[in-house]
Amino acid sequence: AINFHPSLLPRCRGCHPIFWTLASGETQGGVTAHYMTAEVDAGDIVSQIPLPLTEEDDYASLYRRAMEASAGLAMMVERFIVEGGTGFPQDSARATRFGEDTEEDHRIHWSGRSPGEIVALCRTGEAFTTVRGGRMGVLKAAEMRPMIRERRLSRPGRLISINEDTIVVAASGGPVILARVTWRGRLHQAGSLARALGLRRAEALG
């Protein structure tokens with residue numbers, strides 16, 4: 001049997017590959033057709049189509065691109081079978097594997113995570129942090145460069161600044177700009193929400 005898997009195997013074997021492709025900071029996604037074996041997603045590759053990621057890609061866009069590419073992949077598999085092709089083995093040294101993502105996998109850990117890791121998680125659309133005991137989803141974030149000394153010395157999770165549309169939060173290794181967030185089921189610009197909540201500089205996000 002041949003399985004279709006929405007990642008560029010051997011990367012992101014296992015559950016929810018589109019989520020993990022983004023959350024783990026891969027530079028490209030993809031769709032892969034491979035032979036099914038006793039080890040999940042480890043069989044020889046029949047065909048695959050890489051999907052290089054852009055800074056604008058999120059879960060919805062990568063899912064859509066993967067589904068659109070699957071029609072072409074099916075044609076490649078048909079041609080492979082008709083021509084009697086042979087698959088090629090996956091490079092196990094490059095393999096990554098993930099299980100079901102949990103609530104804790106969606107939480108932003110300001111301490112112990114680099115700005116790049118936090119930005120990658122936010123691209124999934126599932127990232128969140130807590131503000132005064134409430135849950136704030138983060139849909140759009142970016143690393144901030146260059147870092148000024150004040151921002152380098154801020155403790156992870158502390159609010160550095162509130163701007164017109166954004167807020168800046170300290171993380172391990174540097175600041176992160178939060179742009180688009182959700183609060184109580186509604187979409188907000190992070191700066192506007194911070195002012196509406198009366199947040200202050202140096203306030204902690206959890």
# chains A, B, ... in the order shown; residues from 1 in each chain; ligands from 1

$ residues_around --residues "stretch 8-18 of chain A" --least-positions-apart "6" --cutoff "12 Å" --atoms "only C-alpha atoms" --output "tab-separated table (two decimals) with all heavy atoms, in the first residue's frame"
chain	number	residue	atom	x	y	z
A	24	SER	N	8.25	23.38	14.31
A	24	SER	CA	9.64	22.97	14.50
A	24	SER	C	10.62	23.78	13.64
A	24	SER	O	11.82	23.52	13.66
A	24	SER	CB	9.81	21.47	14.19
A	24	SER	OG	9.48	21.19	12.84
A	25	GLY	N	10.09	24.75	12.90
A	25	GLY	CA	10.96	25.66	12.17
A	25	GLY	C	11.53	25.12	10.88
A	25	GLY	O	12.58	25.59	10.41
A	26	GLU	N	10.85	24.17	10.24
A	26	GLU	CA	11.32	23.67	8.95
A	26	GLU	C	11.28	24.80	7.90
A	26	GLU	O	10.45	25.69	7.97
A	26	GLU	CB	10.44	22.52	8.47
A	26	GLU	CG	10.51	21.27	9.31
A	26	GLU	CD	11.83	20.53	9.17
A	26	GLU	OE1	12.47	20.65	8.10
A	26	GLU	OE2	12.23	19.85	10.12
A	27	THR	N	12.19	24.73	6.96
A	27	THR	CA	12.22	25.74	5.90
A	27	THR	C	11.34	25.37	4.71
A	27	THR	O	11.08	26.20	3.84
A	27	THR	CB	13.66	25.96	5.39
A	27	THR	OG1	14.17	24.72	4.90
A	27	THR	CG2	14.54	26.48	6.51
A	28	GLN	N	10.90	24.11	4.67
A	28	GLN	CA	9.98	23.71	3.62
A	28	GLN	C	9.09	22.58	4.09
A	28	GLN	O	9.48	21.75	4.90
A	28	GLN	CB	10.72	23.30	2.34
A	28	GLN	CG	11.76	22.22	2.49
A	28	GLN	CD	12.48	21.95	1.18
A	28	GLN	OE1	12.09	22.43	0.11
A	28	GLN	NE2	13.55	21.18	1.25
A	29	GLY	N	7.86	22.62	3.59
A	29	GLY	CA	6.94	21.52	3.80
A	29	GLY	C	6.95	20.66	2.55
A	29	GLY	O	7.89	20.69	1.75
A	30	GLY	N	5.89	19.89	2.38
A	30	GLY	CA	5.82	19.06	1.19
A	30	GLY	C	4.73	18.02	1.30
A	30	GLY	O	4.03	17.93	2.31
A	31	VAL	N	4.59	17.24	0.25
A	31	VAL	CA	3.72	16.06	0.25
A	31	VAL	C	4.54	14.90	-0.26
A	31	VAL	O	5.32	15.04	-1.22
A	31	VAL	CB	2.45	16.27	-0.60
A	31	VAL	CG1	1.49	17.23	0.08
A	31	VAL	CG2	2.79	16.78	-2.00
A	32	THR	N	4.40	13.76	0.39
A	32	THR	CA	5.21	12.59	0.07
A	32	THR	C	4.32	11.36	-0.08
A	32	THR	O	3.44	11.12	0.75
A	32	THR	CB	6.24	12.33	1.18
A	32	THR	OG1	7.06	13.48	1.38
A	32	THR	CG2	7.13	11.14	0.82
A	33	ALA	N	4.57	10.59	-1.12
A	33	ALA	CA	3.94	9.28	-1.28
A	33	ALA	C	5.01	8.24	-0.94
A	33	ALA	O	6.12	8.30	-1.48
A	33	ALA	CB	3.44	9.08	-2.70
A	34	HIS	N	4.68	7.30	-0.05
A	34	HIS	CA	5.67	6.32	0.37
A	34	HIS	C	5.00	4.98	0.64
A	34	HIS	O	3.80	4.91	0.94
A	34	HIS	CB	6.39	6.80	1.64
A	34	HIS	CG	5.50	6.86	2.84
A	34	HIS	ND1	5.39	5.84	3.75
A	34	HIS	CD2	4.66	7.83	3.28
A	34	HIS	CE1	4.53	6.17	4.69
A	34	HIS	NE2	4.06	7.37	4.43
A	35	TYR	N	5.78	3.91	0.53
A	35	TYR	CA	5.27	2.59	0.86
A	35	TYR	C	5.02	2.50	2.36
A	35	TYR	O	5.79	3.02	3.17
A	35	TYR	CB	6.26	1.51	0.44
A	35	TYR	CG	6.28	1.25	-1.04
A	35	TYR	CD1	7.40	1.57	-1.81
A	35	TYR	CD2	5.19	0.67	-1.69
A	35	TYR	CE1	7.43	1.33	-3.17
A	35	TYR	CE2	5.21	0.42	-3.04
A	35	TYR	CZ	6.33	0.76	-3.78
A	35	TYR	OH	6.34	0.52	-5.14
A	39	GLU	N	6.88	0.38	10.54
A	39	GLU	CA	7.27	1.64	11.17
A	39	GLU	C	6.56	2.79	10.47
A	39	GLU	O	6.67	2.94	9.25
A	39	GLU	CB	8.78	1.84	11.11
A	39	GLU	CG	9.27	3.08	11.83
A	39	GLU	CD	10.76	3.27	11.77
A	39	GLU	OE1	11.46	2.39	11.22
A	39	GLU	OE2	11.24	4.31	12.25
A	40	VAL	N	5.83	3.58	11.23
A	40	VAL	CA	4.99	4.63	10.66
A	40	VAL	C	5.82	5.65	9.87
A	40	VAL	O	6.82	6.18	10.37
A	40	VAL	CB	4.19	5.33	11.77
A	40	VAL	CG1	3.41	6.51	11.20
A	40	VAL	CG2	3.25	4.35	12.45
A	41	ASP	N	5.37	5.91	8.64
A	41	ASP	CA	5.94	6.96	7.77
A	41	ASP	C	7.41	6.74	7.46
A	41	ASP	O	8.13	7.69	7.16
A	41	ASP	CB	5.74	8.35	8.39
A	41	ASP	CG	4.28	8.71	8.56
A	41	ASP	OD1	3.46	8.24	7.76
A	41	ASP	OD2	3.96	9.45	9.51
A	42	ALA	N	7.88	5.49	7.53
A	42	ALA	CA	9.31	5.22	7.33
A	42	ALA	C	9.60	4.44	6.05
A	42	ALA	O	10.76	4.16	5.76
A	42	ALA	CB	9.86	4.46	8.53
A	43	GLY	N	8.57	4.10	5.28
A	43	GLY	CA	8.77	3.29	4.08
A	43	GLY	C	9.45	4.04	2.95
A	43	GLY	O	9.55	5.27	2.96
A	44	ASP	N	9.94	3.28	1.96
A	44	ASP	CA	10.62	3.89	0.82
A	44	ASP	C	9.72	4.92	0.13
A	44	ASP	O	8.51	4.74	0.00
A	44	ASP	CB	11.01	2.82	-0.20
A	44	ASP	CG	12.17	1.96	0.28
A	44	ASP	OD1	12.68	2.23	1.39
A	44	ASP	OD2	12.55	1.02	-0.45
A	45	ILE	N	10.34	6.00	-0.33
A	45	ILE	CA	9.61	7.10	-0.96
A	45	ILE	C	9.35	6.76	-2.43
A	45	ILE	O	10.25	6.34	-3.17
A	45	ILE	CB	10.40	8.40	-0.83
A	45	ILE	CG1	10.41	8.85	0.64
A	45	ILE	CG2	9.79	9.50	-1.72
A	45	ILE	CD1	11.29	10.05	0.91
A	46	VAL	N	8.10	6.95	-2.84
A	46	VAL	CA	7.69	6.75	-4.23
A	46	VAL	C	7.86	8.06	-5.00
A	46	VAL	O	8.49	8.10	-6.06
A	46	VAL	CB	6.23	6.26	-4.29
A	46	VAL	CG1	5.72	6.25	-5.72
A	46	VAL	CG2	6.10	4.88	-3.65
A	47	SER	N	7.30	9.12	-4.48
A	47	SER	CA	7.40	10.45	-5.10
A	47	SER	C	7.17	11.49	-4.00
A	47	SER	O	6.52	11.21	-2.99
A	47	SER	CB	6.35	10.65	-6.20
A	47	SER	OG	6.51	9.72	-7.24
A	48	GLN	N	7.67	12.67	-4.20
A	48	GLN	CA	7.37	13.77	-3.27
A	48	GLN	C	7.52	15.11	-3.97
A	48	GLN	O	8.25	15.24	-4.97
A	48	GLN	CB	8.22	13.71	-2.00
A	48	GLN	CG	9.70	13.79	-2.19
A	48	GLN	CD	10.45	13.62	-0.87
A	48	GLN	OE1	11.66	13.56	-0.88
A	48	GLN	NE2	9.79	13.54	0.26
A	49	ILE	N	6.79	16.08	-3.44
A	49	ILE	CA	6.83	17.44	-3.97
A	49	ILE	C	7.18	18.38	-2.83
A	49	ILE	O	6.43	18.49	-1.84
A	49	ILE	CB	5.47	17.84	-4.57
A	49	ILE	CG1	5.09	16.91	-5.72
A	49	ILE	CG2	5.50	19.29	-5.05
A	49	ILE	CD1	3.68	17.16	-6.27
A	50	PRO	N	8.32	19.07	-2.89
A	50	PRO	CA	8.67	20.03	-1.83
A	50	PRO	C	7.85	21.31	-1.96
A	50	PRO	O	7.50	21.72	-3.07
A	50	PRO	CB	10.16	20.29	-2.07
A	50	PRO	CG	10.36	20.00	-3.52
A	50	PRO	CD	9.37	18.94	-3.89
A	51	LEU	N	7.56	21.92	-0.82
A	51	LEU	CA	6.83	23.19	-0.78
A	51	LEU	C	7.63	24.17	0.07
A	51	LEU	O	7.45	24.27	1.29
A	51	LEU	CB	5.43	22.97	-0.18
A	51	LEU	CG	4.50	22.01	-0.93
A	51	LEU	CD1	3.24	21.75	-0.11
A	51	LEU	CD2	4.15	22.56	-2.31
A	52	PRO	N	8.55	24.91	-0.55
A	52	PRO	CA	9.35	25.88	0.22
A	52	PRO	C	8.45	26.88	0.93
A	52	PRO	O	7.45	27.35	0.38
A	52	PRO	CB	10.21	26.56	-0.86
A	52	PRO	CG	10.27	25.55	-1.97
A	52	PRO	CD	8.93	24.87	-1.97
A	53	LEU	N	8.80	27.21	2.17
A	53	LEU	CA	7.98	28.09	2.98
A	53	LEU	C	8.44	29.54	2.85
A	53	LEU	O	9.63	29.81	2.73
A	53	LEU	CB	8.04	27.68	4.45
A	53	LEU	CG	7.52	26.28	4.78
A	53	LEU	CD1	7.72	25.97	6.27
A	53	LEU	CD2	6.06	26.15	4.41
A	57	ASP	N	3.64	32.18	5.14
A	57	ASP	CA	2.93	30.92	5.30
A	57	ASP	C	2.51	30.69	6.75
A	57	ASP	O	3.27	30.97	7.69
A	57	ASP	CB	3.80	29.74	4.84
A	57	ASP	CG	3.66	29.47	3.36
A	57	ASP	OD1	2.51	29.39	2.87
A	57	ASP	OD2	4.70	29.33	2.68
A	58	ASP	N	1.28	30.19	6.91
A	58	ASP	CA	0.78	29.77	8.21
A	58	ASP	C	0.12	28.41	8.01
A	58	ASP	O	0.24	27.80	6.94
A	58	ASP	CB	-0.18	30.80	8.81
A	58	ASP	CG	-1.36	31.11	7.89
A	58	ASP	OD1	-1.61	30.35	6.92
A	58	ASP	OD2	-2.06	32.11	8.14
A	59	TYR	N	-0.59	27.94	9.03
A	59	TYR	CA	-1.19	26.61	8.94
A	59	TYR	C	-2.16	26.53	7.76
A	59	TYR	O	-2.13	25.57	6.98
A	59	TYR	CB	-1.92	26.26	10.23
A	59	TYR	CG	-2.37	24.82	10.29
A	59	TYR	CD1	-1.64	23.86	10.98
A	59	TYR	CD2	-3.53	24.39	9.64
A	59	TYR	CE1	-2.03	22.54	11.02
A	59	TYR	CE2	-3.93	23.07	9.66
A	59	TYR	CZ	-3.18	22.15	10.36
A	59	TYR	OH	-3.58	20.84	10.39
A	60	ALA	N	-3.02	27.54	7.64
A	60	ALA	CA	-4.04	27.50	6.59
A	60	ALA	C	-3.41	27.48	5.20
A	60	ALA	O	-3.83	26.71	4.32
A	60	ALA	CB	-4.99	28.68	6.74
A	61	SER	N	-2.41	28.31	4.98
A	61	SER	CA	-1.81	28.39	3.65
A	61	SER	C	-1.02	27.13	3.33
A	61	SER	O	-1.06	26.64	2.19
A	61	SER	CB	-0.92	29.62	3.53
A	61	SER	OG	0.24	29.51	4.34
A	62	LEU	N	-0.30	26.58	4.31
A	62	LEU	CA	0.46	25.36	4.04
A	62	LEU	C	-0.47	24.17	3.82
A	62	LEU	O	-0.22	23.33	2.95
A	62	LEU	CB	1.43	25.07	5.19
A	62	LEU	CG	2.31	23.83	5.01
A	62	LEU	CD1	3.10	23.90	3.70
A	62	LEU	CD2	3.26	23.67	6.21
A	63	TYR	N	-1.55	24.10	4.59
A	63	TYR	CA	-2.54	23.03	4.38
A	63	TYR	C	-3.11	23.13	2.96
A	63	TYR	O	-3.21	22.12	2.26
A	63	TYR	CB	-3.65	23.14	5.41
A	63	TYR	CG	-4.72	22.08	5.27
A	63	TYR	CD1	-4.60	20.85	5.93
A	63	TYR	CD2	-5.84	22.29	4.46
A	63	TYR	CE1	-5.57	19.87	5.78
A	63	TYR	CE2	-6.81	21.32	4.31
A	63	TYR	CZ	-6.67	20.12	4.99
A	63	TYR	OH	-7.64	19.14	4.83
A	64	ARG	N	-3.49	24.33	2.55
A	64	ARG	CA	-4.06	24.52	1.23
A	64	ARG	C	-3.06	24.13	0.14
A	64	ARG	O	-3.41	23.44	-0.82
A	64	ARG	CB	-4.49	25.98	1.04
A	64	ARG	CG	-5.15	26.26	-0.31
A	64	ARG	CD	-5.57	27.70	-0.43
A	64	ARG	NE	-4.45	28.62	-0.40
A	64	ARG	CZ	-4.15	29.39	0.63
A	64	ARG	NH1	-4.90	29.39	1.72
A	64	ARG	NH2	-3.09	30.20	0.59
A	65	ARG	N	-1.82	24.54	0.29
A	65	ARG	CA	-0.80	24.21	-0.70
A	65	ARG	C	-0.55	22.71	-0.77
A	65	ARG	O	-0.35	22.15	-1.86
A	65	ARG	CB	0.49	24.95	-0.38
A	65	ARG	CG	0.40	26.47	-0.56
A	65	ARG	CD	1.67	27.14	-0.07
A	65	ARG	NE	2.81	26.73	-0.88
A	65	ARG	CZ	4.08	26.85	-0.48
A	65	ARG	NH1	4.34	27.35	0.73
A	65	ARG	NH2	5.06	26.48	-1.26
A	66	ALA	N	-0.58	22.05	0.39
A	66	ALA	CA	-0.36	20.60	0.42
A	66	ALA	C	-1.50	19.87	-0.28
A	66	ALA	O	-1.28	18.92	-1.04
A	66	ALA	CB	-0.21	20.12	1.86
A	67	MET	N	-2.73	20.31	-0.02
A	67	MET	CA	-3.87	19.67	-0.67
A	67	MET	C	-3.86	19.90	-2.18
A	67	MET	O	-4.16	19.00	-2.96
A	67	MET	CB	-5.18	20.18	-0.06
A	67	MET	CG	-5.38	19.82	1.41
A	67	MET	SD	-5.25	18.05	1.77
A	67	MET	CE	-3.58	17.96	2.49
A	88	PHE	N	12.87	4.88	-3.23
A	88	PHE	CA	14.19	5.06	-2.65
A	88	PHE	C	14.07	5.22	-1.15
A	88	PHE	O	13.10	5.81	-0.65
A	88	PHE	CB	14.92	6.25	-3.28
A	88	PHE	CG	14.24	7.58	-3.11
A	88	PHE	CD1	14.54	8.42	-2.05
A	88	PHE	CD2	13.29	8.00	-4.05
A	88	PHE	CE1	13.91	9.65	-1.92
A	88	PHE	CE2	12.67	9.24	-3.92
A	88	PHE	CZ	12.98	10.06	-2.84
A	89	PRO	N	15.01	4.66	-0.38
A	89	PRO	CA	14.90	4.66	1.07
A	89	PRO	C	15.03	6.06	1.67
A	89	PRO	O	15.72	6.93	1.13
A	89	PRO	CB	16.05	3.76	1.52
A	89	PRO	CG	17.03	3.83	0.40
A	89	PRO	CD	16.22	3.98	-0.85
A	90	GLN	N	14.35	6.26	2.78
A	90	GLN	CA	14.47	7.52	3.51
A	90	GLN	C	15.80	7.55	4.27
A	90	GLN	O	16.31	6.52	4.70
A	90	GLN	CB	13.31	7.67	4.50
A	90	GLN	CG	11.95	7.75	3.84
A	90	GLN	CD	10.85	8.05	4.83
A	90	GLN	OE1	11.05	8.81	5.78
A	90	GLN	NE2	9.68	7.46	4.63
A	91	ASP	N	16.31	8.74	4.44
A	91	ASP	CA	17.54	8.94	5.22
A	91	ASP	C	17.16	9.02	6.69
A	91	ASP	O	16.71	10.07	7.17
A	91	ASP	CB	18.24	10.21	4.76
A	91	ASP	CG	19.56	10.47	5.49
A	91	ASP	OD1	19.89	9.68	6.39
A	91	ASP	OD2	20.23	11.46	5.16
A	92	SER	N	17.32	7.93	7.41
A	92	SER	CA	16.89	7.90	8.81
A	92	SER	C	17.66	8.88	9.68
A	92	SER	O	17.17	9.32	10.72
A	92	SER	CB	17.04	6.48	9.38
A	92	SER	OG	18.39	6.04	9.27
A	93	ALA	N	18.87	9.26	9.26
A	93	ALA	CA	19.66	10.21	10.04
A	93	ALA	C	19.02	11.60	10.03
A	93	ALA	O	19.28	12.41	10.93
A	93	ALA	CB	21.08	10.29	9.49
A	94	ARG	N	18.20	11.88	9.04
A	94	ARG	CA	17.55	13.19	8.94
A	94	ARG	C	16.12	13.18	9.47
A	94	ARG	O	15.45	14.21	9.49
A	94	ARG	CB	17.52	13.65	7.47
A	94	ARG	CG	18.87	13.95	6.86
A	94	ARG	CD	18.70	14.53	5.45
A	94	ARG	NE	17.85	15.70	5.45
A	94	ARG	CZ	16.61	15.74	4.95
A	94	ARG	NH1	16.08	14.66	4.39
A	94	ARG	NH2	15.90	16.84	5.00
A	95	ALA	N	15.66	12.02	9.90
A	95	ALA	CA	14.25	11.89	10.28
A	95	ALA	C	13.93	12.62	11.58
A	95	ALA	O	14.73	12.64	12.52
A	95	ALA	CB	13.90	10.40	10.42
A	96	THR	N	12.75	13.22	11.59
A	96	THR	CA	12.18	13.74	12.83
A	96	THR	C	10.80	13.12	12.98
A	96	THR	O	10.14	12.81	11.99
A	96	THR	CB	12.07	15.28	12.82
A	96	THR	OG1	11.27	15.70	11.69
A	96	THR	CG2	13.43	15.93	12.73
A	97	ARG	N	10.38	12.93	14.21
A	97	ARG	CA	9.10	12.28	14.47
A	97	ARG	C	8.38	13.02	15.59
A	97	ARG	O	9.00	13.41	16.59
A	97	ARG	CB	9.31	10.82	14.88
A	97	ARG	CG	8.02	10.07	15.18
A	97	ARG	CD	8.30	8.65	15.63
A	97	ARG	NE	8.99	7.90	14.60
A	97	ARG	CZ	8.40	7.36	13.54
A	97	ARG	NH1	7.09	7.49	13.38
A	97	ARG	NH2	9.09	6.68	12.66
A	98	PHE	N	7.08	13.19	15.45
A	98	PHE	CA	6.29	13.90	16.45
A	98	PHE	C	5.00	13.13	16.73
A	98	PHE	O	4.44	12.48	15.85
A	98	PHE	CB	5.94	15.32	15.98
A	98	PHE	CG	7.14	16.19	15.74
A	98	PHE	CD1	7.66	16.33	14.45
A	98	PHE	CD2	7.74	16.85	16.79
A	98	PHE	CE1	8.77	17.12	14.23
A	98	PHE	CE2	8.86	17.65	16.57
A	98	PHE	CZ	9.37	17.79	15.29
A	99	GLY	N	4.53	13.26	17.96
A	99	GLY	CA	3.25	12.67	18.34
A	99	GLY	C	2.14	13.70	18.28
A	99	GLY	O	2.29	14.78	17.70
A	100	GLU	N	1.02	13.38	18.89
A	100	GLU	CA	-0.10	14.33	18.97
A	100	GLU	C	0.35	15.59	19.70
A	100	GLU	O	0.97	15.52	20.77
A	100	GLU	CB	-1.26	13.70	19.74
A	100	GLU	CG	-1.97	12.58	18.97
A	100	GLU	CD	-2.99	13.12	17.99
A	100	GLU	OE1	-3.18	14.37	17.95
A	100	GLU	OE2	-3.59	12.32	17.27
A	101	ASP	N	0.06	16.76	19.13
A	101	ASP	CA	0.38	17.99	19.82
A	101	ASP	C	-0.61	18.20	20.97
A	101	ASP	O	-1.78	17.85	20.87
A	101	ASP	CB	0.37	19.18	18.86
A	101	ASP	CG	-0.89	19.26	18.03
A	101	ASP	OD1	-1.16	18.32	17.27
A	101	ASP	OD2	-1.62	20.27	18.15
A	102	THR	N	-0.11	18.75	22.06
A	102	THR	CA	-0.89	18.97	23.26
A	102	THR	C	-1.03	20.46	23.55
A	102	THR	O	-0.41	21.30	22.90
A	102	THR	CB	-0.23	18.29	24.46
A	102	THR	OG1	1.02	18.97	24.74
A	102	THR	CG2	0.05	16.81	24.18
A	121	LEU	N	6.36	28.83	16.20
A	121	LEU	CA	5.15	28.31	16.84
A	121	LEU	C	3.94	29.18	16.52
A	121	LEU	O	2.84	28.66	16.28
A	121	LEU	CB	5.36	28.23	18.35
A	121	LEU	CG	4.16	27.75	19.18
A	121	LEU	CD1	3.75	26.33	18.79
A	121	LEU	CD2	4.47	27.81	20.67
A	123	ARG	N	3.23	30.71	13.89
A	123	ARG	CA	2.76	30.50	12.53
A	123	ARG	C	1.71	29.40	12.45
A	123	ARG	O	0.98	29.30	11.47
A	123	ARG	CB	3.93	30.16	11.62
A	123	ARG	CG	4.96	31.26	11.51
A	123	ARG	CD	6.16	30.84	10.71
A	123	ARG	NE	5.87	30.79	9.28
A	123	ARG	CZ	6.77	30.42	8.37
A	123	ARG	NH1	7.97	30.04	8.75
A	123	ARG	NH2	6.44	30.41	7.10
A	124	THR	N	1.62	28.55	13.47
A	124	THR	CA	0.65	27.46	13.45
A	124	THR	C	-0.77	27.93	13.69
A	124	THR	O	-1.73	27.19	13.43
A	124	THR	CB	0.99	26.41	14.52
A	124	THR	OG1	0.79	26.97	15.85
A	124	THR	CG2	2.44	25.94	14.40
A	125	GLY	N	-0.94	29.13	14.25
A	125	GLY	CA	-2.26	29.62	14.61
A	125	GLY	C	-2.78	29.06	15.92
A	125	GLY	O	-3.90	29.36	16.33

$ select_by_dssp --residues "stretch 3-201 of chain A" --states "strand (DSSP E or B)" --output "ChimeraX atom specification"
/A:3-5,13-14,28-35,45-52,88,97-98,107,128-131,134-143,158-162,167-171,174-183,186-189

$ residues_around --residues "A:Thr166" --least-positions-apart "6" --cutoff "12 Å" --atoms "only C-alpha atoms" --output "PyMOL selection string"
chain A and resi 138+140-142+144+159-160+176-181+188-195

$ write_last_selection --atoms "N, CA and C atoms" --output "PDB file, in the first residue's frame"
ATOM      1  N   VAL A 138      -1.803  34.014  19.822  1.00  0.00           N
ATOM      2  CA  VAL A 138      -0.874  34.813  19.017  1.00  0.00           C
ATOM      3  C   VAL A 138      -0.825  34.233  17.612  1.00  0.00           C
ATOM      4  N   LYS A 140       0.382  36.196  14.774  1.00  0.00           N
ATOM      5  CA  LYS A 140       1.437  36.792  13.949  1.00  0.00           C
ATOM      6  C   LYS A 140       2.503  37.377  14.850  1.00  0.00           C
ATOM      7  N   ALA A 141       3.752  36.947  14.642  1.00  0.00           N
ATOM      8  CA  ALA A 141       4.871  37.428  15.446  1.00  0.00           C
ATOM      9  C   ALA A 141       6.101  37.527  14.556  1.00  0.00           C
ATOM     10  N   ALA A 142       7.107  38.263  15.039  1.00  0.00           N
ATOM     11  CA  ALA A 142       8.341  38.415  14.280  1.00  0.00           C
ATOM     12  C   ALA A 142       9.487  38.663  15.245  1.00  0.00           C
ATOM     13  N   MET A 144      12.756  40.659  16.488  1.00  0.00           N
ATOM     14  CA  MET A 144      13.093  42.087  16.424  1.00  0.00           C
ATOM     15  C   MET A 144      14.601  42.242  16.323  1.00  0.00           C
ATOM     16  N   LEU A 159       6.926  42.477  29.271  1.00  0.00           N
ATOM     17  CA  LEU A 159       6.502  43.389  28.214  1.00  0.00           C
ATOM     18  C   LEU A 159       7.509  44.528  28.111  1.00  0.00           C
ATOM     19  N   ILE A 160       8.115  44.679  26.941  1.00  0.00           N
ATOM     20  CA  ILE A 160       9.136  45.705  26.747  1.00  0.00           C
ATOM     21  C   ILE A 160       8.523  47.022  26.302  1.00  0.00           C
ATOM     22  N   VAL A 176      10.612  39.663  20.908  1.00  0.00           N
ATOM     23  CA  VAL A 176       9.681  39.189  19.886  1.00  0.00           C
ATOM     24  C   VAL A 176       8.568  40.217  19.738  1.00  0.00           C
ATOM     25  N   ILE A 177       8.243  40.556  18.502  1.00  0.00           N
ATOM     26  CA  ILE A 177       7.148  41.476  18.217  1.00  0.00           C
ATOM     27  C   ILE A 177       5.871  40.671  18.021  1.00  0.00           C
ATOM     28  N   LEU A 178       4.839  40.988  18.794  1.00  0.00           N
ATOM     29  CA  LEU A 178       3.527  40.367  18.602  1.00  0.00           C
ATOM     30  C   LEU A 178       2.640  41.355  17.861  1.00  0.00           C
ATOM     31  N   ALA A 179       2.063  40.913  16.750  1.00  0.00           N
ATOM     32  CA  ALA A 179       1.285  41.820  15.908  1.00  0.00           C
ATOM     33  C   ALA A 179      -0.200  41.508  15.938  1.00  0.00           C
ATOM     34  N   ARG A 180      -0.574  40.286  15.620  1.00  0.00           N
ATOM     35  CA  ARG A 180      -1.985  39.915  15.540  1.00  0.00           C
ATOM     36  C   ARG A 180      -2.284  38.871  16.597  1.00  0.00           C
ATOM     37  N   VAL A 181      -3.295  39.147  17.434  1.00  0.00           N
ATOM     38  CA  VAL A 181      -3.609  38.267  18.557  1.00  0.00           C
ATOM     39  C   VAL A 181      -5.124  38.066  18.653  1.00  0.00           C
ATOM     40  N   HIS A 188      -7.511  40.917  17.329  1.00  0.00           N
ATOM     41  CA  HIS A 188      -7.067  42.270  17.707  1.00  0.00           C
ATOM     42  C   HIS A 188      -5.660  42.522  17.185  1.00  0.00           C
ATOM     43  N   GLN A 189      -5.339  43.790  16.999  1.00  0.00           N
ATOM     44  CA  GLN A 189      -3.946  44.200  16.895  1.00  0.00           C
ATOM     45  C   GLN A 189      -3.386  44.200  18.314  1.00  0.00           C
ATOM     46  N   ALA A 190      -2.197  43.667  18.489  1.00  0.00           N
ATOM     47  CA  ALA A 190      -1.659  43.473  19.837  1.00  0.00           C
ATOM     48  C   ALA A 190      -1.529  44.780  20.609  1.00  0.00           C
ATOM     49  N   GLY A 191      -1.097  45.845  19.935  1.00  0.00           N
ATOM     50  CA  GLY A 191      -0.943  47.124  20.616  1.00  0.00           C
ATOM     51  C   GLY A 191      -2.272  47.677  21.102  1.00  0.00           C
ATOM     52  N   SER A 192      -3.302  47.568  20.270  1.00  0.00           N
ATOM     53  CA  SER A 192      -4.629  48.061  20.650  1.00  0.00           C
ATOM     54  C   SER A 192      -5.181  47.282  21.833  1.00  0.00           C
ATOM     55  N   LEU A 193      -4.997  45.952  21.818  1.00  0.00           N
ATOM     56  CA  LEU A 193      -5.486  45.142  22.932  1.00  0.00           C
ATOM     57  C   LEU A 193      -4.744  45.475  24.217  1.00  0.00           C
ATOM     58  N   ALA A 194      -3.434  45.667  24.124  1.00  0.00           N
ATOM     59  CA  ALA A 194      -2.653  45.994  25.324  1.00  0.00           C
ATOM     60  C   ALA A 194      -3.137  47.283  25.960  1.00  0.00           C
ATOM     61  N   ARG A 195      -3.430  48.289  25.146  1.00  0.00           N
ATOM     62  CA  ARG A 195      -3.928  49.551  25.704  1.00  0.00           C
ATOM     63  C   ARG A 195      -5.321  49.378  26.286  1.00  0.00           C
TER      64      ARG A 195
END

$ select_by_dssp --residues "chain A" --states "helix (DSSP H, G or I)" --output "ChimeraX atom specification"
/A:17-23,59-82,92-94,103-106,115-122,149-153,190-197

$ atom_distance --atom1 "atom CA of A:Ile108" --atom2 "atom CA of A:Gly173"
14.4 Å

$ residues_around --residues "A:Arg132" --least-positions-apart "4" --cutoff "9 Å" --atoms "only C-alpha atoms" --output "VMD selection string"
chain A and resid 204 to 206

$ closest_residue --among "A:Val119, A:Val82, A:Ala23, A:Val168" --to "A:His106" --atoms "only C-alpha atoms"
A:Ala23

$ closest_residue --among "A:Gly174, A:Gly133, A:Gly198, A:Pro6" --to "A:Leu73" --atoms "only C-alpha atoms"
A:Pro6

$ residues_around --residues "A:Trp183" --least-positions-apart "5" --cutoff "8 Å" --atoms "only C-alpha atoms" --output "list in words"
Arg135, Met136, Gly137 and His188 of chain A

$ write_last_selection --atoms "N, CA, C and O atoms" --output "compact mmCIF listing (two decimals), in the first residue's frame"
# COMPACT_ATOMS: atom_id res chain seq x y z
N ARG A 135 -6.30 33.97 28.52
CA ARG A 135 -5.57 33.36 27.40
C ARG A 135 -5.57 34.29 26.20
O ARG A 135 -6.64 34.69 25.72
N MET A 136 -4.38 34.61 25.70
CA MET A 136 -4.24 35.44 24.51
C MET A 136 -3.59 34.59 23.42
O MET A 136 -2.45 34.14 23.56
N GLY A 137 -4.32 34.35 22.33
CA GLY A 137 -3.74 33.63 21.19
C GLY A 137 -2.85 34.56 20.40
O GLY A 137 -3.09 35.77 20.32
N HIS A 188 -7.51 40.92 17.33
CA HIS A 188 -7.07 42.27 17.71
C HIS A 188 -5.66 42.52 17.19
O HIS A 188 -4.88 41.59 16.99
